[in-house]
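Accompanying notes for the structure given below.
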Amino acid sequence: MSTGRNGQSILLLLYGGLLLAPLSWVLWEARRGEAIAELESLIQQMDLPILLANSLFLALTTTLLGTSLGRPLGLLLSAYNSPGQPLLLPLALVPLLIPPHIHTIAWARVMGDRGWLTLWIRQMGAEPPDIRAPLGTPGEDLLLGSIYWGPAWVMACAYFPLMVFSVRAGVQSLDRDGLDAARLTPGSRPLRHIVLPQILPRILAAAAFIFILSLASYPVVSLLDTPTLIQKVFFALHVSTGNPFAATVLGLPLVLMAFLGIFLLTTLDRGRAIQGDRAGQSERAPEGLGSHLVACLLLGLALIVPLVSLLLEAGPLRLFGEEPDNYQMVFSRVRTAFVESFLLSGSGVLVLSAVGAIVGRILARRRSVLLDSGMLAFLAVPPEVLALSLLVLFSGLASGSVPLAFGAAFAAFVALPWFRNLSQRAALRNAFVWVVCVFAASTLFSTTGLARSIQQQGFTLLLLAWLGRFLPFIARIFRQGYETIDEDSVFAAQLAGRGAASRWLCVELPALRPTLCLAAVFSWVLCFTELPATLVALRPGWQTVQMRIFNMVHYQSIGEVSALCVLSILGALAPLVIWRLLLSGGRTS
């Protein structure tokens, strides 16, 4: 019982501190009359039902395209034997490591107004489709006028690896004996009759993730001028300086739609465990030439085409030439941004890994709807709204305008379940809660200067936004790692008199080394490529590579922008390459 109550206390601490308290304070500050008047003025200037429909259909179209790309590719890379699989698997992961705004820039050079494919189609005497236009006429076609295929395709190319690896994990967990028996049965179709029905929960769960992520992808809709609700939310951040109530309220419909996706994801995740004998390994079916060509075609459309377009726009690398190339020119301008991106991303890796390890252990020890849904609730809030709420809360704490009664009420709500179980032997969880409570208490008193330092000078506010945004992913990685630990060895260590900290260091930590590496690499990629929350939360004096790319699109040459995009992709891939080299070196030794 102590594990469950302490786990719920920690969940309340994170969920309340990063989401409930900031959003509640923003809504409380909106009691002023001018905030409501400004919200009414913004709503009158926009067609809210059309924007909401555009956002919903864009997310649904992205989910459909992402599933259409990822499901067959995941099956081809897991259920069949492919000679090029060692190369195709890493290539299928690369799109997820590229930020969506870089995908947008790449595809704009392919199918934009001056894209090479657009120019070629025009030379052939045909009119190419407009990547920024919907399928129908806005305002006249109720359905087609709200379906913007361009941004949907771009986001599908960015998120479809979630479907690929979810399908692959489902196929690898199937009952091998039953699959082999079905293959030997005349007239049977194992892929349709056995594989797809059993991995359907994983397919739908990955589709829910794609739906949630595509709802709040501001950089894509901004670069392609797509009229969606998240674009107006970000617009409201600038026209309502000092009064973010309008932006927060405009983002609430997106939160509600994301919660529907979270409900589906949680429901499916509880029944995801597929029964079967995983120890029995069967040979994969031989892959024909046709399926191999399909895999190459899908990867070529989603990855190779935009990457080649970026490389062509960036031009060749001339290290020993008389004149500097685009890579050297742009790197000389953004060298500081790279250094700061590495520092910020490294700090994000440490924070996410530390908190994710604690929360993942709680999720693995006690599976419940409350814990799973509470962690996934972080994803429901758009990153812009999350970062804005944190900024407003810490601004109020820095100025002393947040009453102590607000902080005391929140602390009582969060810490009461934990204090009831303080006598239980849960050293790691209690230490974690103590650290967070001391940090929160220090910010409540403006005389300490901690809140002012976070709000004005430091990058701690961005780390908190990243923690709220990416913790569900990292915690689920650690949860899966903890579930693979031999419980008998942990129980034996407990019988030997080892405490919780000693058991974790001596028994659990050695078994978690692959999980720690995976979580660190994944945290790096998420932090290094993040843009929406960074645009709001990062304080003046700091900048990241992604911010420079997003700003340079409007005033810099496309050659230098493309070169910077390529350098950014290499920066995101560097830890993954190092990790693979270390793994291969460990196997060799």
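Every chain in the structure tokens has a letter given in the order shown (A, B, ...), and although residue numbers restart at 1 in each chain, ligands are simply numbered from 1 in the order shown.
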
Just the residues within 8 Å of Ile549 in chain A, please, counting only C-alpha atoms, with nothing from its chain fewer than 5 positions along; format it as a PDB file with N, CA, C and O atoms, in the first residue's frame.
```
ATOM      1  N   VAL A 561      20.241  28.260 -44.524  1.00  0.00           N
ATOM      2  CA  VAL A 561      19.225  27.620 -43.681  1.00  0.00           C
ATOM      3  C   VAL A 561      19.296  26.103 -43.839  1.00  0.00           C
ATOM      4  O   VAL A 561      19.243  25.352 -42.854  1.00  0.00           O
ATOM      5  N   LEU A 564      22.332  24.764 -42.029  1.00  0.00           N
ATOM      6  CA  LEU A 564      22.124  24.720 -40.588  1.00  0.00           C
ATOM      7  C   LEU A 564      21.192  23.572 -40.199  1.00  0.00           C
ATOM      8  O   LEU A 564      21.369  22.942 -39.148  1.00  0.00           O
ATOM      9  N   CYS A 565      20.202  23.283 -41.034  1.00  0.00           N
ATOM     10  CA  CYS A 565      19.326  22.134 -40.775  1.00  0.00           C
ATOM     11  C   CYS A 565      20.120  20.830 -40.781  1.00  0.00           C
ATOM     12  O   CYS A 565      19.920  19.959 -39.931  1.00  0.00           O
TER      13      CYS A 565
END
```

Show me, as a CSV table (one decimal) with N, CA, C and O atoms, in the first residue's frame, the residues that have an atom within 10 Å of range 530-539 of chain A when counting only C-alpha atoms, minus same-chain residues fewer than 2 positions from it.
```csv
chain,number,residue,atom,x,y,z
A,98,ILE,N,14.5,14.2,-36.4
A,98,ILE,CA,14.5,15.4,-37.1
A,98,ILE,C,13.4,16.3,-36.7
A,98,ILE,O,12.2,15.8,-36.7
A,99,PRO,N,13.6,17.5,-36.2
A,99,PRO,CA,12.4,18.3,-35.7
A,99,PRO,C,11.4,18.5,-36.8
A,99,PRO,O,11.7,18.6,-38.0
A,100,PRO,N,10.1,18.7,-36.5
A,100,PRO,CA,9.1,18.9,-37.5
A,100,PRO,C,9.3,20.1,-38.3
A,100,PRO,O,9.0,20.1,-39.5
A,101,HIS,N,9.9,21.2,-37.7
A,101,HIS,CA,10.1,22.4,-38.6
A,101,HIS,C,11.2,22.2,-39.6
A,101,HIS,O,11.1,22.8,-40.7
A,216,ALA,N,-0.6,20.0,-31.5
A,216,ALA,CA,0.0,21.2,-31.0
A,216,ALA,C,1.3,21.4,-31.6
A,216,ALA,O,2.3,22.0,-31.0
A,217,SER,N,1.5,21.1,-32.9
A,217,SER,CA,2.7,21.3,-33.6
A,217,SER,C,2.7,22.7,-34.3
A,217,SER,O,2.4,22.8,-35.4
A,218,TYR,N,3.1,23.7,-33.5
A,218,TYR,CA,3.0,25.1,-34.0
A,218,TYR,C,4.0,25.4,-35.1
A,218,TYR,O,3.6,26.1,-36.1
A,219,PRO,N,5.3,25.0,-35.0
A,219,PRO,CA,6.2,25.4,-36.1
A,219,PRO,C,5.8,24.9,-37.5
A,219,PRO,O,6.0,25.7,-38.5
A,234,PHE,N,-0.5,30.9,-30.3
A,234,PHE,CA,0.8,31.5,-30.3
A,234,PHE,C,0.7,33.0,-30.6
A,234,PHE,O,1.4,33.8,-30.1
A,237,LEU,N,-0.1,35.1,-27.7
A,237,LEU,CA,0.9,35.3,-26.7
A,237,LEU,C,1.6,36.6,-27.0
A,237,LEU,O,2.2,37.2,-26.1
A,345,SER,N,20.5,21.0,-23.5
A,345,SER,CA,20.1,19.6,-23.8
A,345,SER,C,20.7,18.6,-22.8
A,345,SER,O,20.1,17.7,-22.3
A,382,PRO,N,-0.8,21.8,-24.7
A,382,PRO,CA,0.2,22.2,-25.7
A,382,PRO,C,1.4,22.8,-25.1
A,382,PRO,O,1.4,23.4,-24.0
A,383,PRO,N,2.6,22.5,-25.7
A,383,PRO,CA,3.8,23.0,-25.0
A,383,PRO,C,3.9,24.5,-24.9
A,383,PRO,O,4.5,25.0,-23.9
A,384,GLU,N,3.2,25.3,-25.8
A,384,GLU,CA,3.2,26.7,-25.7
A,384,GLU,C,2.5,27.1,-24.5
A,384,GLU,O,2.9,28.0,-23.7
A,385,VAL,N,1.3,26.5,-24.2
A,385,VAL,CA,0.5,26.8,-23.1
A,385,VAL,C,1.2,26.4,-21.8
A,385,VAL,O,1.2,27.1,-20.8
A,386,LEU,N,1.8,25.3,-21.8
A,386,LEU,CA,2.6,24.8,-20.6
A,386,LEU,C,3.7,25.8,-20.2
A,386,LEU,O,3.8,26.2,-19.1
A,387,ALA,N,4.5,26.1,-21.2
A,387,ALA,CA,5.6,27.1,-21.0
A,387,ALA,C,5.1,28.5,-20.5
A,387,ALA,O,5.6,29.1,-19.6
A,388,LEU,N,4.0,28.9,-21.2
A,388,LEU,CA,3.4,30.2,-20.8
A,388,LEU,C,2.9,30.2,-19.4
A,388,LEU,O,3.1,31.2,-18.6
A,389,SER,N,2.3,29.1,-19.0
A,389,SER,CA,1.7,29.1,-17.6
A,389,SER,C,2.9,29.1,-16.6
A,389,SER,O,2.8,29.8,-15.5
A,390,LEU,N,3.9,28.3,-16.9
A,390,LEU,CA,5.1,28.3,-15.9
A,390,LEU,C,5.7,29.7,-15.9
A,390,LEU,O,6.1,30.2,-14.8
A,391,LEU,N,5.8,30.4,-17.0
A,391,LEU,CA,6.4,31.7,-17.0
A,391,LEU,C,5.5,32.7,-16.2
A,391,LEU,O,6.1,33.5,-15.5
A,454,ILE,N,15.0,32.4,-11.8
A,454,ILE,CA,14.4,31.4,-12.7
A,454,ILE,C,13.7,32.2,-13.8
A,454,ILE,O,13.8,31.9,-15.0
A,455,GLN,N,13.0,33.2,-13.5
A,455,GLN,CA,12.1,33.9,-14.4
A,455,GLN,C,12.9,34.8,-15.3
A,455,GLN,O,12.6,35.0,-16.5
A,456,GLN,N,14.0,35.4,-14.9
A,456,GLN,CA,14.7,36.4,-15.6
A,456,GLN,C,16.0,36.0,-16.2
A,456,GLN,O,16.3,36.3,-17.4
A,457,GLN,N,16.8,35.2,-15.5
A,457,GLN,CA,18.2,35.0,-16.0
A,457,GLN,C,18.4,33.5,-16.4
A,457,GLN,O,19.1,33.3,-17.4
A,458,GLY,N,18.0,32.6,-15.6
A,458,GLY,CA,18.4,31.2,-15.8
A,458,GLY,C,17.6,30.5,-16.9
A,458,GLY,O,16.7,31.1,-17.4
A,459,PHE,N,17.9,29.3,-17.1
A,459,PHE,CA,17.2,28.4,-18.0
A,459,PHE,C,16.4,27.3,-17.3
A,459,PHE,O,16.0,26.4,-17.9
A,460,THR,N,16.3,27.5,-16.0
A,460,THR,CA,15.5,26.5,-15.2
A,460,THR,C,14.1,26.4,-15.6
A,460,THR,O,13.5,25.3,-15.6
A,461,LEU,N,13.5,27.5,-16.0
A,461,LEU,CA,12.1,27.5,-16.5
A,461,LEU,C,11.9,26.6,-17.7
A,461,LEU,O,10.9,25.9,-17.8
A,462,LEU,N,12.9,26.7,-18.6
A,462,LEU,CA,12.8,25.8,-19.8
A,462,LEU,C,13.0,24.3,-19.4
A,462,LEU,O,12.3,23.5,-20.0
A,463,LEU,N,13.9,24.0,-18.4
A,463,LEU,CA,14.0,22.7,-18.0
A,463,LEU,C,12.7,22.2,-17.4
A,463,LEU,O,12.3,21.0,-17.5
A,464,LEU,N,12.0,23.0,-16.6
A,464,LEU,CA,10.7,22.6,-16.1
A,464,LEU,C,9.7,22.3,-17.2
A,464,LEU,O,8.9,21.4,-17.1
A,465,ALA,N,9.7,23.2,-18.2
A,465,ALA,CA,8.8,22.9,-19.3
A,465,ALA,C,9.1,21.7,-20.1
A,465,ALA,O,8.2,20.9,-20.4
A,466,TRP,N,10.4,21.4,-20.3
A,466,TRP,CA,10.8,20.1,-20.9
A,466,TRP,C,10.4,18.9,-20.0
A,466,TRP,O,10.0,17.9,-20.5
A,469,ARG,N,6.9,18.3,-20.5
A,469,ARG,CA,6.5,17.9,-21.8
A,469,ARG,C,7.0,16.5,-22.1
A,469,ARG,O,6.2,15.7,-22.7
A,524,TRP,N,18.0,13.4,-25.0
A,524,TRP,CA,18.9,14.3,-25.7
A,524,TRP,C,18.1,14.7,-27.0
A,524,TRP,O,18.1,15.9,-27.4
A,525,VAL,N,17.6,13.7,-27.7
A,525,VAL,CA,16.9,14.0,-29.0
A,525,VAL,C,15.7,14.9,-28.8
A,525,VAL,O,15.5,15.9,-29.5
A,526,LEU,N,14.9,14.6,-27.8
A,526,LEU,CA,13.7,15.4,-27.5
A,526,LEU,C,14.1,16.9,-27.1
A,526,LEU,O,13.5,17.8,-27.6
A,527,CYS,N,15.1,17.0,-26.3
A,527,CYS,CA,15.5,18.4,-25.8
A,527,CYS,C,16.2,19.2,-26.9
A,527,CYS,O,15.9,20.4,-27.1
A,528,PHE,N,17.1,18.5,-27.7
A,528,PHE,CA,17.8,19.2,-28.7
A,528,PHE,C,17.0,19.7,-29.8
A,528,PHE,O,17.3,20.7,-30.5
A,541,GLY,N,19.1,36.3,-23.7
A,541,GLY,CA,20.5,36.0,-23.5
A,541,GLY,C,20.8,34.6,-23.8
A,541,GLY,O,22.0,34.2,-23.9
A,542,TRP,N,19.8,33.7,-24.0
A,542,TRP,CA,20.0,32.3,-24.4
A,542,TRP,C,19.4,32.1,-25.8
A,542,TRP,O,18.3,32.7,-26.1
A,543,GLN,N,19.9,31.2,-26.5
A,543,GLN,CA,19.3,30.8,-27.8
A,543,GLN,C,19.7,29.4,-28.2
A,543,GLN,O,20.8,29.0,-27.8
A,544,THR,N,18.9,28.7,-28.9
A,544,THR,CA,19.2,27.4,-29.3
A,544,THR,C,19.3,27.3,-30.9
A,544,THR,O,18.9,28.3,-31.6
A,545,VAL,N,19.8,26.2,-31.4
A,545,VAL,CA,20.0,26.1,-32.8
A,545,VAL,C,18.6,26.1,-33.5
A,545,VAL,O,18.4,26.6,-34.6
A,546,GLN,N,17.6,25.4,-32.8
A,546,GLN,CA,16.3,25.4,-33.4
A,546,GLN,C,15.7,26.7,-33.5
A,546,GLN,O,14.9,27.0,-34.5
A,547,MET,N,15.9,27.6,-32.5
A,547,MET,CA,15.4,29.0,-32.6
A,547,MET,C,16.0,29.7,-33.7
A,547,MET,O,15.4,30.5,-34.5
A,549,ILE,N,17.2,28.5,-36.5
A,549,ILE,CA,16.7,27.9,-37.8
A,549,ILE,C,15.3,28.6,-38.0
A,549,ILE,O,15.0,29.0,-39.2
A,550,PHE,N,14.5,28.6,-37.0
A,550,PHE,CA,13.1,29.1,-37.2
A,550,PHE,C,13.1,30.6,-37.6
A,550,PHE,O,12.3,31.0,-38.4
```

Quick check, in Å to one decimal: how far apart do CA of Leu60 in chain A and CA of Leu144 in chain A lie?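 Going from CA of Leu60 in chain A over to CA of Leu144 in chain A, I get 12.9 Å.
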
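CA of Thr137 in chain A lies 15.6 Å from CA of Thr228 in chain A.
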
As number ranges by chain, please: the residues near Gly571 in chain A (cut-off 9 Å, only C-alpha atoms, same-chain neighbours under 3 positions excluded). A: 338, 342, 525, 528, 566-568, 574-575

Those selected residues, please, written with N, CA, C and O atoms and delivered as a PDB file, in the first residue's frame.
```pdb
ATOM      1  N   PHE A 338      25.012  26.652 -30.840  1.00  0.00           N
ATOM      2  CA  PHE A 338      25.299  25.233 -30.696  1.00  0.00           C
ATOM      3  C   PHE A 338      25.791  24.919 -29.286  1.00  0.00           C
ATOM      4  O   PHE A 338      25.367  23.929 -28.676  1.00  0.00           O
ATOM      5  N   PHE A 342      23.861  22.500 -26.612  1.00  0.00           N
ATOM      6  CA  PHE A 342      24.453  21.337 -25.969  1.00  0.00           C
ATOM      7  C   PHE A 342      24.338  21.429 -24.450  1.00  0.00           C
ATOM      8  O   PHE A 342      24.034  20.433 -23.778  1.00  0.00           O
ATOM      9  N   VAL A 525      17.610  13.744 -27.735  1.00  0.00           N
ATOM     10  CA  VAL A 525      16.943  14.042 -29.005  1.00  0.00           C
ATOM     11  C   VAL A 525      15.735  14.938 -28.778  1.00  0.00           C
ATOM     12  O   VAL A 525      15.512  15.917 -29.498  1.00  0.00           O
ATOM     13  N   PHE A 528      17.056  18.496 -27.651  1.00  0.00           N
ATOM     14  CA  PHE A 528      17.840  19.191 -28.671  1.00  0.00           C
ATOM     15  C   PHE A 528      16.970  19.656 -29.836  1.00  0.00           C
ATOM     16  O   PHE A 528      17.256  20.685 -30.466  1.00  0.00           O
ATOM     17  N   VAL A 566      21.025  20.689 -41.736  1.00  0.00           N
ATOM     18  CA  VAL A 566      21.847  19.479 -41.800  1.00  0.00           C
ATOM     19  C   VAL A 566      22.734  19.369 -40.569  1.00  0.00           C
ATOM     20  O   VAL A 566      22.880  18.291 -39.972  1.00  0.00           O
ATOM     21  N   LEU A 567      23.356  20.472 -40.147  1.00  0.00           N
ATOM     22  CA  LEU A 567      24.187  20.456 -38.951  1.00  0.00           C
ATOM     23  C   LEU A 567      23.365  20.129 -37.709  1.00  0.00           C
ATOM     24  O   LEU A 567      23.840  19.429 -36.802  1.00  0.00           O
ATOM     25  N   SER A 568      22.127  20.628 -37.649  1.00  0.00           N
ATOM     26  CA  SER A 568      21.260  20.316 -36.520  1.00  0.00           C
ATOM     27  C   SER A 568      20.918  18.832 -36.477  1.00  0.00           C
ATOM     28  O   SER A 568      20.890  18.218 -35.399  1.00  0.00           O
ATOM     29  N   ALA A 574      24.295  12.591 -33.065  1.00  0.00           N
ATOM     30  CA  ALA A 574      25.599  12.270 -32.490  1.00  0.00           C
ATOM     31  C   ALA A 574      25.514  11.308 -31.301  1.00  0.00           C
ATOM     32  O   ALA A 574      26.243  10.302 -31.268  1.00  0.00           O
ATOM     33  N   PRO A 575      24.649  11.536 -30.290  1.00  0.00           N
ATOM     34  CA  PRO A 575      24.592  10.577 -29.174  1.00  0.00           C
ATOM     35  C   PRO A 575      24.152   9.186 -29.608  1.00  0.00           C
ATOM     36  O   PRO A 575      24.614   8.189 -29.047  1.00  0.00           O
TER      37      PRO A 575
END
```

Length of the CA of Asn326 in chain A to CA of Glu560 in chain A vector [Å]: 5.1 Å

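Take the candidates A:Leu301, A:Met329, A:Ala451, A:Ala377 and check each one against Leu260 in chain A using only C-alpha atoms; the shortest distance goes to A:Ala377.
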
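Each of A:Val553, A:Leu397, A:Val392, A:Leu77 was compared to Glu29 in chain A using only C-alpha atoms, and A:Val392 turns out to be the nearest.
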
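Distances from A:Trp107, A:Tyr159, A:Glu323, A:Gly112 to Leu64 in chain A were compared using only C-alpha atoms, and the smallest one belongs to A:Tyr159.
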
Go through A:Cys517, A:Pro151, A:Met257, A:Arg548 and flag the residue nearest Glu340 in chain A, using only C-alpha atoms for the distances.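 Of the candidates, the smallest distance to Glu340 in chain A is held by A:Arg548.
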